[in-house]
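Novice: Contents of protein_4.cif (mmCIF, C-alpha atoms) are given next:
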```
data_final
loop_
_atom_site.label_atom_id
_atom_site.label_comp_id
_atom_site.auth_asym_id
_atom_site.auth_seq_id
_atom_site.Cartn_x
_atom_site.Cartn_y
_atom_site.Cartn_z
CA MET F 1 0.00 0.00 0.00
CA ARG F 2 1.42 3.37 -1.04
CA ILE F 3 1.86 5.99 1.70
CA SER F 4 0.23 9.38 1.35
CA ALA F 5 2.10 12.51 0.27
CA GLU F 6 1.48 14.03 3.72
CA GLU F 7 3.01 11.04 5.51
CA LEU F 8 5.99 11.05 3.15
CA GLU F 9 6.57 14.76 3.80
CA ARG F 10 6.45 14.21 7.57
CA THR F 11 9.04 11.44 7.24
CA ILE F 12 11.35 13.66 5.17
CA THR F 13 11.10 16.50 7.70
CA LYS F 14 11.62 14.13 10.63
CA HIS F 15 15.02 13.12 9.24
CA GLY F 16 16.23 16.71 8.88
CA PHE F 17 15.43 17.34 5.23
CA ARG F 18 13.56 20.32 3.79
CA LYS F 19 11.13 19.59 0.98
CA LEU F 20 11.49 21.89 -2.04
CA SER F 21 8.84 20.24 -4.20
CA LEU F 22 6.78 17.05 -4.27
CA CYS F 23 4.96 15.84 -7.37
CA ASP F 24 2.49 12.95 -7.27
CA LEU F 25 3.01 10.87 -10.43
CA GLY F 26 0.20 8.49 -9.54
CA TYR F 27 2.41 5.43 -9.23
CA ASN F 28 5.28 7.17 -7.49
CA TYR F 29 6.46 10.50 -6.07
CA LEU F 30 9.02 12.89 -7.54
CA ILE F 31 10.70 14.73 -4.68
CA GLN F 32 13.21 17.56 -4.59
CA PHE F 33 14.67 18.26 -1.17
CA ARG F 34 17.58 19.89 0.63
CA LYS F 35 19.31 18.78 3.82
CA ILE F 36 18.90 21.18 6.73
CA PRO F 37 22.20 21.81 8.58
CA GLU F 38 22.25 20.22 12.04
CA GLU F 39 22.77 23.55 13.81
CA LEU F 40 19.75 24.99 11.98
CA THR F 41 17.66 21.96 12.88
CA ASP F 42 18.46 22.58 16.55
CA LEU F 43 17.57 26.25 16.16
CA LEU F 44 14.23 25.46 14.54
CA LYS F 45 13.30 23.34 17.55
CA GLN F 46 13.52 26.37 19.82
CA LYS F 47 10.22 28.07 20.60
CA ASP F 48 11.60 31.52 19.82
CA ALA F 49 13.14 30.50 16.47
CA SER F 50 10.21 31.81 14.41
CA ILE F 51 10.09 35.43 13.29
CA VAL F 52 6.71 37.04 12.79
CA LEU F 53 6.52 40.22 10.71
CA HIS F 54 3.48 42.48 10.75
CA PRO F 55 3.18 44.86 7.77
CA VAL F 56 2.97 48.52 8.73
CA GLY F 57 1.37 49.60 5.49
CA ILE F 58 0.77 48.93 1.83
CA ILE F 59 2.20 50.31 -1.42
CA ARG F 60 0.04 51.73 -4.19
CA SER F 61 1.91 52.09 -7.46
CA LYS F 62 1.39 51.82 -11.22
CA ILE F 63 3.50 48.66 -11.42
CA GLU F 64 1.03 45.81 -11.85
CA LYS F 65 3.49 42.93 -12.17
CA PRO F 66 7.19 42.35 -11.44
CA PHE F 67 9.79 42.63 -14.19
CA LEU F 68 11.35 39.34 -13.11
CA VAL F 69 9.44 36.12 -12.43
CA ALA F 70 10.96 33.55 -10.10
CA GLY F 71 10.22 29.85 -10.45
CA GLU F 72 11.80 26.44 -10.05
CA GLU F 73 13.86 27.00 -13.21
CA GLY F 74 15.24 30.34 -12.05
CA LEU F 75 14.56 33.93 -13.07
CA LYS F 76 12.77 34.94 -16.23
CA MET F 77 12.28 38.44 -17.60
CA GLN F 78 8.63 39.25 -18.26
CA GLY F 79 8.40 40.68 -21.74
CA ASP F 80 11.21 42.46 -23.54
CA LEU F 81 14.12 44.06 -21.69
CA LYS F 82 13.67 47.24 -23.74
CA ASP F 83 10.19 47.70 -22.28
CA ALA F 84 11.51 47.03 -18.78
CA VAL F 85 14.30 49.59 -19.26
CA VAL F 86 11.77 52.20 -20.38
CA LYS F 87 9.70 51.58 -17.25
CA ILE F 88 12.81 51.74 -15.07
CA HIS F 89 13.68 55.14 -16.53
CA GLU F 90 10.11 56.33 -15.91
CA MET F 91 10.17 55.34 -12.22
CA PRO F 92 11.99 58.43 -10.89
CA GLY F 93 9.10 60.57 -12.17
CA GLU F 94 6.26 58.28 -11.08
CA ILE F 95 4.51 59.06 -7.80
CA SER F 96 3.62 56.11 -5.59
CA ASN F 97 1.71 56.16 -2.33
CA ILE F 98 2.75 54.40 0.85
CA ILE F 99 -0.31 54.03 3.06
CA ILE F 100 0.49 53.43 6.73
CA TYR F 101 -2.11 51.42 8.60
CA GLU F 102 -4.26 53.07 11.24
CA GLY F 103 -3.32 52.44 14.84
CA LEU F 104 0.30 53.52 14.39
CA ASP F 105 -0.31 57.06 15.61
CA GLY F 106 2.78 59.23 15.69
CA ILE F 107 4.99 56.82 13.77
CA LEU F 108 5.47 59.32 10.89
CA ASP F 109 5.94 62.44 13.01
CA GLY F 110 8.98 64.39 11.79
CA ILE F 111 9.45 62.40 8.60
CA GLU F 112 8.89 65.50 6.43
CA GLU F 113 12.30 66.78 7.55
CA TYR F 114 13.98 64.19 5.33
CA SER F 115 14.28 64.37 1.55
CA HIS F 116 14.78 60.62 1.01
CA LEU F 117 13.62 57.45 2.72
CA VAL F 118 14.63 53.79 2.72
CA ILE F 119 11.61 51.56 2.10
CA LEU F 120 11.71 47.89 3.10
CA TYR F 121 8.90 45.84 1.60
CA TRP F 122 7.87 42.24 1.00
CA ALA F 123 7.95 40.91 -2.58
CA HIS F 124 4.55 39.25 -2.28
CA LYS F 125 4.50 38.08 -5.90
CA VAL F 126 7.45 35.69 -5.41
CA PRO F 127 6.06 32.12 -5.29
CA GLU F 128 7.23 29.55 -2.76
CA GLU F 129 9.36 27.75 -5.35
CA GLY F 130 11.14 31.03 -6.09
CA ARG F 131 12.07 31.36 -2.43
CA SER F 132 13.85 28.00 -2.60
CA LEU F 133 16.37 29.16 -5.21
CA THR F 134 19.97 29.55 -4.07
CA ARG F 135 21.61 30.41 -7.42
CA VAL F 136 20.30 32.35 -10.42
CA HIS F 137 21.42 33.95 -13.65
CA PRO F 138 21.27 37.67 -12.72
CA MET F 139 18.17 39.27 -14.29
CA GLY F 140 17.52 35.93 -15.99
CA ARG F 141 20.49 36.54 -18.29
CA GLU F 142 21.92 33.18 -19.31
CA ASP F 143 25.00 34.90 -20.77
CA ILE F 144 25.98 35.71 -17.17
CA PRO F 145 27.09 32.72 -15.05
CA GLU F 146 24.90 31.74 -12.13
CA LYS F 147 25.55 33.61 -8.90
CA GLY F 148 24.47 33.00 -5.33
CA ILE F 149 21.21 34.77 -4.44
CA PHE F 150 22.95 36.90 -1.81
CA CYS F 151 25.29 38.20 -4.54
CA THR F 152 22.35 39.58 -6.53
CA CYS F 153 19.44 41.98 -6.13
CA SER F 154 17.04 39.26 -7.24
CA PRO F 155 13.52 39.35 -5.75
CA ALA F 156 13.76 35.55 -5.42
CA ARG F 157 15.15 35.12 -1.92
CA PRO F 158 14.51 32.83 1.07
CA ASN F 159 12.91 35.89 2.68
CA PRO F 160 11.90 38.22 -0.18
CA VAL F 161 12.60 41.50 1.59
CA LEU F 162 13.44 44.24 -0.92
CA MET F 163 14.74 47.75 -0.36
CA THR F 164 14.43 50.98 -2.34
CA VAL F 165 15.61 54.51 -1.63
CA VAL F 166 12.86 56.97 -2.59
CA HIS F 167 12.42 60.73 -2.78
CA LEU F 168 9.78 61.95 -0.35
CA LYS F 169 7.49 64.44 -2.09
CA GLY F 170 5.03 64.96 0.72
CA ARG F 171 2.82 63.57 3.43
CA LYS F 172 -0.94 63.64 3.75
CA GLY F 173 -1.85 62.19 7.12
CA ASN F 174 -0.96 58.50 7.01
CA VAL F 175 -0.03 58.59 3.31
CA LEU F 176 3.47 59.26 1.97
CA GLU F 177 3.88 60.41 -1.62
CA VAL F 178 7.22 59.23 -2.99
CA LEU F 179 9.18 59.11 -6.24
CA GLY F 180 11.33 56.23 -7.50
CA LEU F 181 9.61 53.32 -5.77
CA ASP F 182 9.98 50.14 -7.86
CA ALA F 183 7.57 47.99 -5.84
CA VAL F 184 4.61 46.15 -7.32
CA ASP F 185 1.19 47.51 -6.39
CA GLY F 186 -0.07 45.92 -3.19
CA SER F 187 3.37 45.14 -1.74
CA PRO F 188 3.30 45.05 2.08
CA VAL F 189 5.56 47.61 3.76
CA ILE F 190 7.79 46.13 6.47
CA ASP F 191 9.69 49.20 7.63
CA ILE F 192 10.65 52.77 6.74
CA LYS F 193 13.92 54.44 7.66
CA PRO F 194 15.36 57.87 6.89
CA TYR F 195 18.08 57.91 4.26
CA VAL F 196 21.23 59.40 5.77
CA LYS F 197 23.98 59.47 3.15
CA ASP F 198 26.79 59.41 5.71
CA PHE F 199 25.59 55.98 6.83
CA PHE F 200 26.47 54.58 3.40
CA PRO F 201 30.03 54.25 2.02
CA GLN F 202 30.86 56.84 -0.63
CA GLU F 203 34.39 55.77 -1.58
CA ASP F 204 36.16 52.53 -2.48
CA VAL F 205 32.88 50.84 -3.43
CA HIS F 206 33.54 47.86 -5.70
CA ILE F 207 31.05 45.77 -7.66
CA PRO F 208 31.66 42.82 -10.02
CA GLU F 209 32.16 43.41 -13.74
CA TRP F 210 28.89 41.67 -14.63
CA MET F 211 26.92 43.93 -12.27
CA GLN F 212 28.62 47.01 -13.71
CA ARG F 213 27.72 45.83 -17.21
CA LEU F 214 24.06 45.33 -16.26
CA GLN F 215 23.90 48.79 -14.72
CA GLU F 216 25.40 50.38 -17.82
CA GLU F 217 22.93 48.58 -20.09
CA VAL F 218 19.99 49.75 -18.01
CA ASN F 219 21.30 53.32 -17.78
CA LYS F 220 21.97 53.52 -21.51
CA GLY F 221 18.85 51.61 -22.48
CA LYS F 222 20.85 49.08 -24.48
CA SER F 223 19.51 45.67 -25.38
CA PRO F 224 21.50 42.72 -24.04
CA ASN F 225 23.40 40.32 -26.23
CA LYS F 226 21.54 37.19 -27.21
CA THR F 227 21.50 34.67 -24.42
CA GLN F 228 23.56 31.54 -24.77
CA SER F 229 21.77 28.28 -25.35
#
```
What's the structure tokens form of this structure?
Specialist:
Amino acid sequence: MRISAEELERTITKHGFRKLSLCDLGYNYLIQFRKIPEELTDLLKQKDASIVLHPVGIIRSKIEKPFLVAGEEGLKMQGDLKDAVVKIHEMPGEISNIIIYEGLDGILDGIEEYSHLVILYWAHKVPEEGRSLTRVHPMGREDIPEKGIFCTCSPARPNPVLMTVVHLKGRKGNVLEVLGLDAVDGSPVIDIKPYVKDFFPQEDVHIPEWMQRLQEEVNKGKSPNKTQS
């Protein structure tokens, strides 16, 4: 008698493995899993190991869908890069609203004294399989070798927390009007911090050649070379 998918998953977890995907083929199961390090297994057993985040607000923008889609096969660009580049260049002039939830009285007091803010938000459009990725081709570009997720700005992350520095145009009660926010409409806001330039390094900042090349292509609006097969 064949065991159920639920029982199989419990057995996998019991032995310290993390399920990435499980497909029922009818006569068998196709399973993708990753071993959880022993020290992490011990940590997960602790009652205080879980982290619970409560959104403080929501983003309203004209971006209806993300430029990059994360799935089991990695990152894929939605549509043509030229269209994405055009939208990226339009962002600095597009006003988005950050609506802070009621009940957080006083949390924005004094924020008008800053010209720029750091917005931390949750990439809610990233599916569960996208959060399991550990390596990707940056921006879905197969002509660039795979890099570790933490070496990229990919939205596909174990915890899809993204950050953008925005220009604060004004405040109307619990609503902030900002420029340059690249978040998808409906993204939950996790935190807001003032942007203080002295907190960020200004000199001796080094980035890899492939990242520099991507930035130049976006800034110049150039199309990428054809991807390798």
Novice: Considering all atoms listed in the file, can you say which of F:Thr11, F:Thr164, F:Asn219, F:Gln212 comes closest to F:Ile192?
Specialist: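 Smallest distance to F:Ile192 is found for F:Thr164.
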Novice: If we count all atoms listed in the file, what is near stretch 123-140 of chain F at a cut-off of 9 Å, once residues fewer than 5 positions away on the same chain are taken out, given as an MDAnalysis selection string?
Specialist: chainID F and resid 20:21 65:66 68:77 145:150 152:162 183:184 186:188 210:211 214
Novice: Can you spit out the residues from that selection as an mmCIF file, keeping the file's coordinate frame, using C-alpha atoms?
Specialist:
```cif
data_model
loop_
_atom_site.group_PDB
_atom_site.id
_atom_site.type_symbol
_atom_site.label_atom_id
_atom_site.label_comp_id
_atom_site.auth_asym_id
_atom_site.auth_seq_id
_atom_site.Cartn_x
_atom_site.Cartn_y
_atom_site.Cartn_z
ATOM 1 C CA LEU F 20 11.490 21.890 -2.040
ATOM 2 C CA SER F 21 8.840 20.240 -4.200
ATOM 3 C CA LYS F 65 3.490 42.930 -12.170
ATOM 4 C CA PRO F 66 7.190 42.350 -11.440
ATOM 5 C CA LEU F 68 11.350 39.340 -13.110
ATOM 6 C CA VAL F 69 9.440 36.120 -12.430
ATOM 7 C CA ALA F 70 10.960 33.550 -10.100
ATOM 8 C CA GLY F 71 10.220 29.850 -10.450
ATOM 9 C CA GLU F 72 11.800 26.440 -10.050
ATOM 10 C CA GLU F 73 13.860 27.000 -13.210
ATOM 11 C CA GLY F 74 15.240 30.340 -12.050
ATOM 12 C CA LEU F 75 14.560 33.930 -13.070
ATOM 13 C CA LYS F 76 12.770 34.940 -16.230
ATOM 14 C CA MET F 77 12.280 38.440 -17.600
ATOM 15 C CA PRO F 145 27.090 32.720 -15.050
ATOM 16 C CA GLU F 146 24.900 31.740 -12.130
ATOM 17 C CA LYS F 147 25.550 33.610 -8.900
ATOM 18 C CA GLY F 148 24.470 33.000 -5.330
ATOM 19 C CA ILE F 149 21.210 34.770 -4.440
ATOM 20 C CA PHE F 150 22.950 36.900 -1.810
ATOM 21 C CA THR F 152 22.350 39.580 -6.530
ATOM 22 C CA CYS F 153 19.440 41.980 -6.130
ATOM 23 C CA SER F 154 17.040 39.260 -7.240
ATOM 24 C CA PRO F 155 13.520 39.350 -5.750
ATOM 25 C CA ALA F 156 13.760 35.550 -5.420
ATOM 26 C CA ARG F 157 15.150 35.120 -1.920
ATOM 27 C CA PRO F 158 14.510 32.830 1.070
ATOM 28 C CA ASN F 159 12.910 35.890 2.680
ATOM 29 C CA PRO F 160 11.900 38.220 -0.180
ATOM 30 C CA VAL F 161 12.600 41.500 1.590
ATOM 31 C CA LEU F 162 13.440 44.240 -0.920
ATOM 32 C CA ALA F 183 7.570 47.990 -5.840
ATOM 33 C CA VAL F 184 4.610 46.150 -7.320
ATOM 34 C CA GLY F 186 -0.070 45.920 -3.190
ATOM 35 C CA SER F 187 3.370 45.140 -1.740
ATOM 36 C CA PRO F 188 3.300 45.050 2.080
ATOM 37 C CA TRP F 210 28.890 41.670 -14.630
ATOM 38 C CA MET F 211 26.920 43.930 -12.270
ATOM 39 C CA LEU F 214 24.060 45.330 -16.260
#
```
Novice: Go ahead and compute the interatomic distance for atom CA of F:Leu108 and atom CA of F:Gly173, in Å to one decimal.
Specialist: 8.7 Å
Novice: Would you mind reading off the distance between atom CA of F:Asn97 and atom CA of F:Leu120, one decimal, in Å?
Specialist: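 Atom-to-atom, atom CA of F:Asn97 to atom CA of F:Leu120, that is 14.1 Å.
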Novice: Between atom CA of F:Asp198 and atom CA of F:Gly110, what is the distance, to one decimal in Å?
Specialist: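 Between atom CA of F:Asp198 and atom CA of F:Gly110 the gap is 19.5 Å.
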Novice: Care to translate the PyMOL selection byres ((chain F and resi 100) around 12) into actual residues of this file, as a PyMOL selection string?
Specialist: chain F and resi 55-60+97-99+101-108+171-177+188-192
Novice: Output C-alpha atoms for every residue in that selection, as a CSV table (one decimal), keeping the file's coordinate frame.
Specialist:
```csv
chain,number,residue,atom,x,y,z
F,55,PRO,CA,3.2,44.9,7.8
F,56,VAL,CA,3.0,48.5,8.7
F,57,GLY,CA,1.4,49.6,5.5
F,58,ILE,CA,0.8,48.9,1.8
F,59,ILE,CA,2.2,50.3,-1.4
F,60,ARG,CA,0.0,51.7,-4.2
F,97,ASN,CA,1.7,56.2,-2.3
F,98,ILE,CA,2.8,54.4,0.8
F,99,ILE,CA,-0.3,54.0,3.1
F,101,TYR,CA,-2.1,51.4,8.6
F,102,GLU,CA,-4.3,53.1,11.2
F,103,GLY,CA,-3.3,52.4,14.8
F,104,LEU,CA,0.3,53.5,14.4
F,105,ASP,CA,-0.3,57.1,15.6
F,106,GLY,CA,2.8,59.2,15.7
F,107,ILE,CA,5.0,56.8,13.8
F,108,LEU,CA,5.5,59.3,10.9
F,171,ARG,CA,2.8,63.6,3.4
F,172,LYS,CA,-0.9,63.6,3.8
F,173,GLY,CA,-1.8,62.2,7.1
F,174,ASN,CA,-1.0,58.5,7.0
F,175,VAL,CA,0.0,58.6,3.3
F,176,LEU,CA,3.5,59.3,2.0
F,177,GLU,CA,3.9,60.4,-1.6
F,188,PRO,CA,3.3,45.0,2.1
F,189,VAL,CA,5.6,47.6,3.8
F,190,ILE,CA,7.8,46.1,6.5
F,191,ASP,CA,9.7,49.2,7.6
F,192,ILE,CA,10.6,52.8,6.7
```
Novice: Between F:Asp185, F:Glu209, F:Glu217, F:Glu203, which one has atoms that come closest to F:Trp122, using all atoms listed in the file?
Specialist: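 Residue with the minimum atom-to-atom distance to F:Trp122: F:Asp185.
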